[in-house]
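The next block holds one structure in the form of structure tokens; read it before the comments.
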Amino acid sequence: MPYRLRGHWYYTRYETGQEYPVYARKAGTLDAPEQVMLDVNRMAEGHGFFQVGSTAIAPDNNLLAFTEDPVGRRQYTLRIKNLATGELLPDRLENVEPYIAWTADSRSVLYLEKDPETLLARRVRRHVLGTAQAADTLVYEQDDDSFYTSVGVTKDERYITIFARSTVSTEVRYADAGDPALAFRVFLPRERDFEYYPDHL
């Protein structure tokens with residue numbers, strides 16, 4: 001089912017006889033020419049397994065962040081593609097979860113770093129395009145292994161959220177996506193037997 005985002009229609013489709021999806025978009029209307037963003041069939045060539053875990057379009061509509069796993073251990077690599085030129089940026093973030101959030105200026109992304117031994121994802125880091133992964137800033141660290149952590153944006157893309165969830169409790173942090181400092185605040189502190197799911201429309 002196509003969905004509309006910032007003047008483009010986005011969708012995935014499968015070609016006859018092919019195993020993997022094609023991620024594409026059309027500008028303005030569904031009658032416009034198709035722009036293929038990712039052809040996973042080509043990306044999977046030479047691999048016994050291949051999966052695109054997630055995709056996220058930057059606010060400027062020109063950059064596509066996506067996570068890929070060519071092994072099957074859910075240890076994803078985050079890559080960024082320039083949709084205007086079709087080229088992959090040199091940025092390559094290893095061992096991450098398939099959660100991505102762009103800042104409003106389209107110059108950095110937030111992601112979840114996996115522990116290489118436990119495979120738990122407890123650290124949210126910020127990556128500035130064109131810099132080394134080793135320089136990525138720690139934004140938040142989950143200190144309770146009973147909580148799962150994810151990062152995303154509100155429906156109107158005004159806020160970036162860090163979402164912590166356990167079996168019986170949730171906790172959400174939020175920051176203005178246009179704030180260079182990304183000052184996160186807790187919406188409501190976690191409390192046992194209380195769950196909440198805020199959004200901004």
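Residues are referred to by chain and number: the chain letter is A, B, ... according to the order shown in the structure tokens, the number counts from 1 in that chain, and ligands are numbered separately from 1 in the order shown.
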Need to verify the contact set: A:Ala24, 12 Å, only C-alpha atoms, exclusion of same-chain residues closer than 6 positions in sequence. Can you return it as a PyMOL selection string? chain A and resi 1-3+8-14+30+32-40+55+57+64+83
Please provide the set of residues having any atom within 9 Å of A:Val153, restricted to only C-alpha atoms, with same-chain residues fewer than 6 positions apart removed, written as a ChimeraX atom specification. /A:100-102,159-162,174,177,199
Deliver the residues from the most recent selection as a file, using all heavy atoms, as a PDB file, in the first residue's frame.
ATOM      1  N   ILE A 100      15.996   3.996  13.103  1.00  0.00           N
ATOM      2  CA  ILE A 100      16.693   5.165  12.583  1.00  0.00           C
ATOM      3  C   ILE A 100      15.831   6.404  12.813  1.00  0.00           C
ATOM      4  O   ILE A 100      14.612   6.364  12.617  1.00  0.00           O
ATOM      5  CB  ILE A 100      16.952   5.037  11.066  1.00  0.00           C
ATOM      6  CG1 ILE A 100      17.600   3.693  10.718  1.00  0.00           C
ATOM      7  CG2 ILE A 100      17.822   6.189  10.566  1.00  0.00           C
ATOM      8  CD1 ILE A 100      17.569   3.384   9.230  1.00  0.00           C
ATOM      9  N   ALA A 101      16.462   7.495  13.218  1.00  0.00           N
ATOM     10  CA  ALA A 101      15.759   8.772  13.326  1.00  0.00           C
ATOM     11  C   ALA A 101      16.665   9.881  12.813  1.00  0.00           C
ATOM     12  O   ALA A 101      17.798  10.029  13.272  1.00  0.00           O
ATOM     13  CB  ALA A 101      15.354   9.047  14.771  1.00  0.00           C
ATOM     14  N   TRP A 102      16.174  10.645  11.841  1.00  0.00           N
ATOM     15  CA  TRP A 102      16.927  11.769  11.286  1.00  0.00           C
ATOM     16  C   TRP A 102      16.708  13.031  12.112  1.00  0.00           C
ATOM     17  O   TRP A 102      15.601  13.280  12.604  1.00  0.00           O
ATOM     18  CB  TRP A 102      16.475  12.064   9.861  1.00  0.00           C
ATOM     19  CG  TRP A 102      16.979  11.145   8.800  1.00  0.00           C
ATOM     20  CD1 TRP A 102      16.328  10.064   8.280  1.00  0.00           C
ATOM     21  CD2 TRP A 102      18.231  11.226   8.111  1.00  0.00           C
ATOM     22  NE1 TRP A 102      17.100   9.469   7.306  1.00  0.00           N
ATOM     23  CE2 TRP A 102      18.281  10.162   7.186  1.00  0.00           C
ATOM     24  CE3 TRP A 102      19.324  12.101   8.188  1.00  0.00           C
ATOM     25  CZ2 TRP A 102      19.357   9.946   6.343  1.00  0.00           C
ATOM     26  CZ3 TRP A 102      20.403  11.893   7.353  1.00  0.00           C
ATOM     27  CH2 TRP A 102      20.419  10.819   6.434  1.00  0.00           C
ATOM     28  N   TYR A 159       9.429  15.757  16.572  1.00  0.00           N
ATOM     29  CA  TYR A 159      10.200  15.284  17.718  1.00  0.00           C
ATOM     30  C   TYR A 159      10.842  13.931  17.430  1.00  0.00           C
ATOM     31  O   TYR A 159      10.255  13.082  16.755  1.00  0.00           O
ATOM     32  CB  TYR A 159       9.306  15.158  18.960  1.00  0.00           C
ATOM     33  CG  TYR A 159       8.742  16.470  19.434  1.00  0.00           C
ATOM     34  CD1 TYR A 159       7.451  16.852  19.099  1.00  0.00           C
ATOM     35  CD2 TYR A 159       9.516  17.338  20.206  1.00  0.00           C
ATOM     36  CE1 TYR A 159       6.925  18.056  19.524  1.00  0.00           C
ATOM     37  CE2 TYR A 159       8.999  18.555  20.635  1.00  0.00           C
ATOM     38  CZ  TYR A 159       7.703  18.897  20.293  1.00  0.00           C
ATOM     39  OH  TYR A 159       7.192  20.111  20.711  1.00  0.00           O
ATOM     40  N   ILE A 160      12.043  13.739  17.971  1.00  0.00           N
ATOM     41  CA  ILE A 160      12.690  12.432  17.998  1.00  0.00           C
ATOM     42  C   ILE A 160      12.358  11.798  19.340  1.00  0.00           C
ATOM     43  O   ILE A 160      12.376  12.469  20.375  1.00  0.00           O
ATOM     44  CB  ILE A 160      14.211  12.560  17.820  1.00  0.00           C
ATOM     45  CG1 ILE A 160      14.531  13.128  16.429  1.00  0.00           C
ATOM     46  CG2 ILE A 160      14.896  11.208  18.005  1.00  0.00           C
ATOM     47  CD1 ILE A 160      16.010  13.413  16.219  1.00  0.00           C
ATOM     48  N   THR A 161      12.048  10.514  19.336  1.00  0.00           N
ATOM     49  CA  THR A 161      11.678   9.829  20.569  1.00  0.00           C
ATOM     50  C   THR A 161      12.611   8.656  20.842  1.00  0.00           C
ATOM     51  O   THR A 161      13.090   7.997  19.918  1.00  0.00           O
ATOM     52  CB  THR A 161      10.232   9.303  20.503  1.00  0.00           C
ATOM     53  OG1 THR A 161      10.104   8.391  19.391  1.00  0.00           O
ATOM     54  CG2 THR A 161       9.234  10.440  20.329  1.00  0.00           C
ATOM     55  N   ILE A 162      12.870   8.433  22.108  1.00  0.00           N
ATOM     56  CA  ILE A 162      13.561   7.238  22.574  1.00  0.00           C
ATOM     57  C   ILE A 162      12.552   6.477  23.426  1.00  0.00           C
ATOM     58  O   ILE A 162      12.083   6.983  24.444  1.00  0.00           O
ATOM     59  CB  ILE A 162      14.814   7.582  23.387  1.00  0.00           C
ATOM     60  CG1 ILE A 162      15.824   8.337  22.517  1.00  0.00           C
ATOM     61  CG2 ILE A 162      15.451   6.314  23.953  1.00  0.00           C
ATOM     62  CD1 ILE A 162      17.031   8.860  23.288  1.00  0.00           C
ATOM     63  N   TYR A 174      11.822  12.539  24.677  1.00  0.00           N
ATOM     64  CA  TYR A 174      11.599  13.246  23.418  1.00  0.00           C
ATOM     65  C   TYR A 174      12.469  14.494  23.350  1.00  0.00           C
ATOM     66  O   TYR A 174      12.813  15.101  24.366  1.00  0.00           O
ATOM     67  CB  TYR A 174      10.116  13.606  23.250  1.00  0.00           C
ATOM     68  CG  TYR A 174       9.615  14.623  24.244  1.00  0.00           C
ATOM     69  CD1 TYR A 174       9.494  15.969  23.890  1.00  0.00           C
ATOM     70  CD2 TYR A 174       9.260  14.243  25.542  1.00  0.00           C
ATOM     71  CE1 TYR A 174       9.034  16.908  24.796  1.00  0.00           C
ATOM     72  CE2 TYR A 174       8.805  15.175  26.458  1.00  0.00           C
ATOM     73  CZ  TYR A 174       8.689  16.508  26.082  1.00  0.00           C
ATOM     74  OH  TYR A 174       8.247  17.436  26.991  1.00  0.00           O
ATOM     75  N   ALA A 177      13.453  17.733  17.031  1.00  0.00           N
ATOM     76  CA  ALA A 177      14.355  17.269  15.972  1.00  0.00           C
ATOM     77  C   ALA A 177      15.181  18.397  15.383  1.00  0.00           C
ATOM     78  O   ALA A 177      16.207  18.141  14.739  1.00  0.00           O
ATOM     79  CB  ALA A 177      13.564  16.572  14.867  1.00  0.00           C
ATOM     80  N   ASP A 199       2.220  10.618  21.016  1.00  0.00           N
ATOM     81  CA  ASP A 199       2.604  11.007  19.664  1.00  0.00           C
ATOM     82  C   ASP A 199       2.320  12.487  19.500  1.00  0.00           C
ATOM     83  O   ASP A 199       1.639  13.099  20.341  1.00  0.00           O
ATOM     84  CB  ASP A 199       1.836  10.195  18.628  1.00  0.00           C
ATOM     85  CG  ASP A 199       2.558  10.099  17.287  1.00  0.00           C
ATOM     86  OD1 ASP A 199       3.490  10.900  17.064  1.00  0.00           O
ATOM     87  OD2 ASP A 199       2.201   9.238  16.472  1.00  0.00           O
TER      88      ASP A 199
END
With DSSP run on the backbone, what are the strand (DSSP E or B) residues within chain A? I'd like them as a ChimeraX atom specification. /A:3-5,8-13,22-27,34-39,51-57,63-69,76-82,88-102,108-114,121-128,137-141,148-153,159-165,169-176,185-186,191,194
Restricting the output to C-alpha atoms, write the selected residues as an mmCIF file, in the first residue's frame.
data_model
loop_
_atom_site.group_PDB
_atom_site.id
_atom_site.type_symbol
_atom_site.label_atom_id
_atom_site.label_comp_id
_atom_site.auth_asym_id
_atom_site.auth_seq_id
_atom_site.Cartn_x
_atom_site.Cartn_y
_atom_site.Cartn_z
ATOM 1 C CA TYR A 3 1.942 6.041 1.534
ATOM 2 C CA ARG A 4 2.551 9.750 1.045
ATOM 3 C CA LEU A 5 5.394 11.612 2.743
ATOM 4 C CA HIS A 8 6.319 11.676 -2.560
ATOM 5 C CA TRP A 9 4.480 8.372 -2.705
ATOM 6 C CA TYR A 10 6.506 5.485 -1.232
ATOM 7 C CA TYR A 11 5.908 1.776 -1.731
ATOM 8 C CA THR A 12 7.524 -1.638 -2.095
ATOM 9 C CA ARG A 13 6.836 -4.079 -4.883
ATOM 10 C CA VAL A 22 12.065 -3.206 -4.603
ATOM 11 C CA TYR A 23 11.767 0.032 -2.618
ATOM 12 C CA ALA A 24 10.553 2.870 -4.817
ATOM 13 C CA ARG A 25 8.852 6.251 -4.822
ATOM 14 C CA LYS A 26 7.056 8.645 -7.153
ATOM 15 C CA ALA A 27 7.028 12.425 -6.880
ATOM 16 C CA GLU A 34 9.114 5.606 -10.693
ATOM 17 C CA GLN A 35 12.380 6.173 -8.847
ATOM 18 C CA VAL A 36 13.894 2.955 -7.521
ATOM 19 C CA MET A 37 15.578 3.625 -4.206
ATOM 20 C CA LEU A 38 16.692 0.086 -3.332
ATOM 21 C CA ASP A 39 16.542 -3.049 -5.457
ATOM 22 C CA GLN A 51 17.474 -8.493 4.591
ATOM 23 C CA VAL A 52 16.759 -4.779 4.643
ATOM 24 C CA GLY A 53 15.665 -4.138 8.208
ATOM 25 C CA SER A 54 14.433 -0.559 7.967
ATOM 26 C CA THR A 55 14.452 2.585 5.852
ATOM 27 C CA ALA A 56 14.162 6.284 6.719
ATOM 28 C CA ILE A 57 13.978 9.242 4.357
ATOM 29 C CA LEU A 63 18.980 10.961 1.540
ATOM 30 C CA LEU A 64 17.847 7.455 2.377
ATOM 31 C CA ALA A 65 19.142 5.730 5.500
ATOM 32 C CA PHE A 66 18.660 1.972 5.603
ATOM 33 C CA THR A 67 19.869 -1.049 7.554
ATOM 34 C CA GLU A 68 21.003 -4.282 5.935
ATOM 35 C CA ASP A 69 21.854 -7.747 7.243
ATOM 36 C CA TYR A 76 22.614 -4.711 10.905
ATOM 37 C CA THR A 77 24.824 -2.237 9.088
ATOM 38 C CA LEU A 78 23.426 1.265 8.573
ATOM 39 C CA ARG A 79 24.128 2.806 5.170
ATOM 40 C CA ILE A 80 23.057 6.085 3.588
ATOM 41 C CA LYS A 81 22.219 6.606 -0.081
ATOM 42 C CA ASN A 82 22.065 9.860 -2.019
ATOM 43 C CA LEU A 88 26.170 5.347 -1.332
ATOM 44 C CA LEU A 89 27.799 7.685 1.160
ATOM 45 C CA PRO A 90 31.005 6.356 2.760
ATOM 46 C CA ASP A 91 29.272 6.306 6.163
ATOM 47 C CA ARG A 92 28.978 2.704 7.372
ATOM 48 C CA LEU A 93 27.679 2.061 10.894
ATOM 49 C CA GLU A 94 28.234 -1.523 12.007
ATOM 50 C CA ASN A 95 26.340 -3.717 14.486
ATOM 51 C CA VAL A 96 23.178 -1.664 14.902
ATOM 52 C CA GLU A 97 19.468 -2.291 15.413
ATOM 53 C CA PRO A 98 17.009 -1.452 12.608
ATOM 54 C CA TYR A 99 15.828 1.816 14.178
ATOM 55 C CA ILE A 100 16.693 5.165 12.583
ATOM 56 C CA ALA A 101 15.759 8.772 13.326
ATOM 57 C CA TRP A 102 16.927 11.769 11.286
ATOM 58 C CA SER A 108 22.807 13.377 11.394
ATOM 59 C CA VAL A 109 20.980 10.191 12.371
ATOM 60 C CA LEU A 110 20.246 8.530 15.686
ATOM 61 C CA TYR A 111 20.569 4.754 15.933
ATOM 62 C CA LEU A 112 20.850 1.910 18.447
ATOM 63 C CA GLU A 113 24.230 0.303 18.970
ATOM 64 C CA LYS A 114 24.264 -3.436 19.744
ATOM 65 C CA ALA A 121 20.859 -2.706 22.205
ATOM 66 C CA ARG A 122 21.146 -0.310 25.106
ATOM 67 C CA ARG A 123 22.962 2.734 23.691
ATOM 68 C CA VAL A 124 21.430 5.388 21.449
ATOM 69 C CA ARG A 125 24.112 7.220 19.495
ATOM 70 C CA ARG A 126 24.121 10.200 17.145
ATOM 71 C CA HIS A 127 26.085 9.977 13.917
ATOM 72 C CA VAL A 128 27.022 13.124 12.004
ATOM 73 C CA THR A 137 28.000 10.786 20.483
ATOM 74 C CA LEU A 138 26.261 8.769 23.191
ATOM 75 C CA VAL A 139 22.750 10.198 23.560
ATOM 76 C CA TYR A 140 21.159 7.713 25.967
ATOM 77 C CA GLU A 141 22.052 4.444 27.676
ATOM 78 C CA TYR A 148 13.887 -2.903 25.189
ATOM 79 C CA THR A 149 14.867 0.395 23.583
ATOM 80 C CA SER A 150 14.025 1.915 20.211
ATOM 81 C CA VAL A 151 14.367 5.300 18.545
ATOM 82 C CA GLY A 152 12.008 7.009 16.117
ATOM 83 C CA VAL A 153 10.114 10.192 15.297
ATOM 84 C CA TYR A 159 10.200 15.284 17.718
ATOM 85 C CA ILE A 160 12.690 12.432 17.998
ATOM 86 C CA THR A 161 11.678 9.829 20.569
ATOM 87 C CA ILE A 162 13.561 7.238 22.574
ATOM 88 C CA PHE A 163 11.127 4.532 23.589
ATOM 89 C CA ALA A 164 11.827 2.081 26.441
ATOM 90 C CA ARG A 165 9.459 -0.862 26.900
ATOM 91 C CA SER A 169 5.947 -0.559 31.699
ATOM 92 C CA THR A 170 6.986 2.066 29.154
ATOM 93 C CA GLU A 171 8.990 5.271 29.243
ATOM 94 C CA VAL A 172 9.402 7.842 26.466
ATOM 95 C CA ARG A 173 12.020 10.549 26.047
ATOM 96 C CA TYR A 174 11.599 13.246 23.418
ATOM 97 C CA ALA A 175 13.625 16.063 21.870
ATOM 98 C CA ASP A 176 12.898 18.662 19.216
ATOM 99 C CA ARG A 185 13.174 15.101 28.299
ATOM 100 C CA VAL A 186 11.188 12.295 29.922
ATOM 101 C CA GLU A 191 6.128 3.059 36.525
ATOM 102 C CA PHE A 194 1.610 1.595 33.526
#
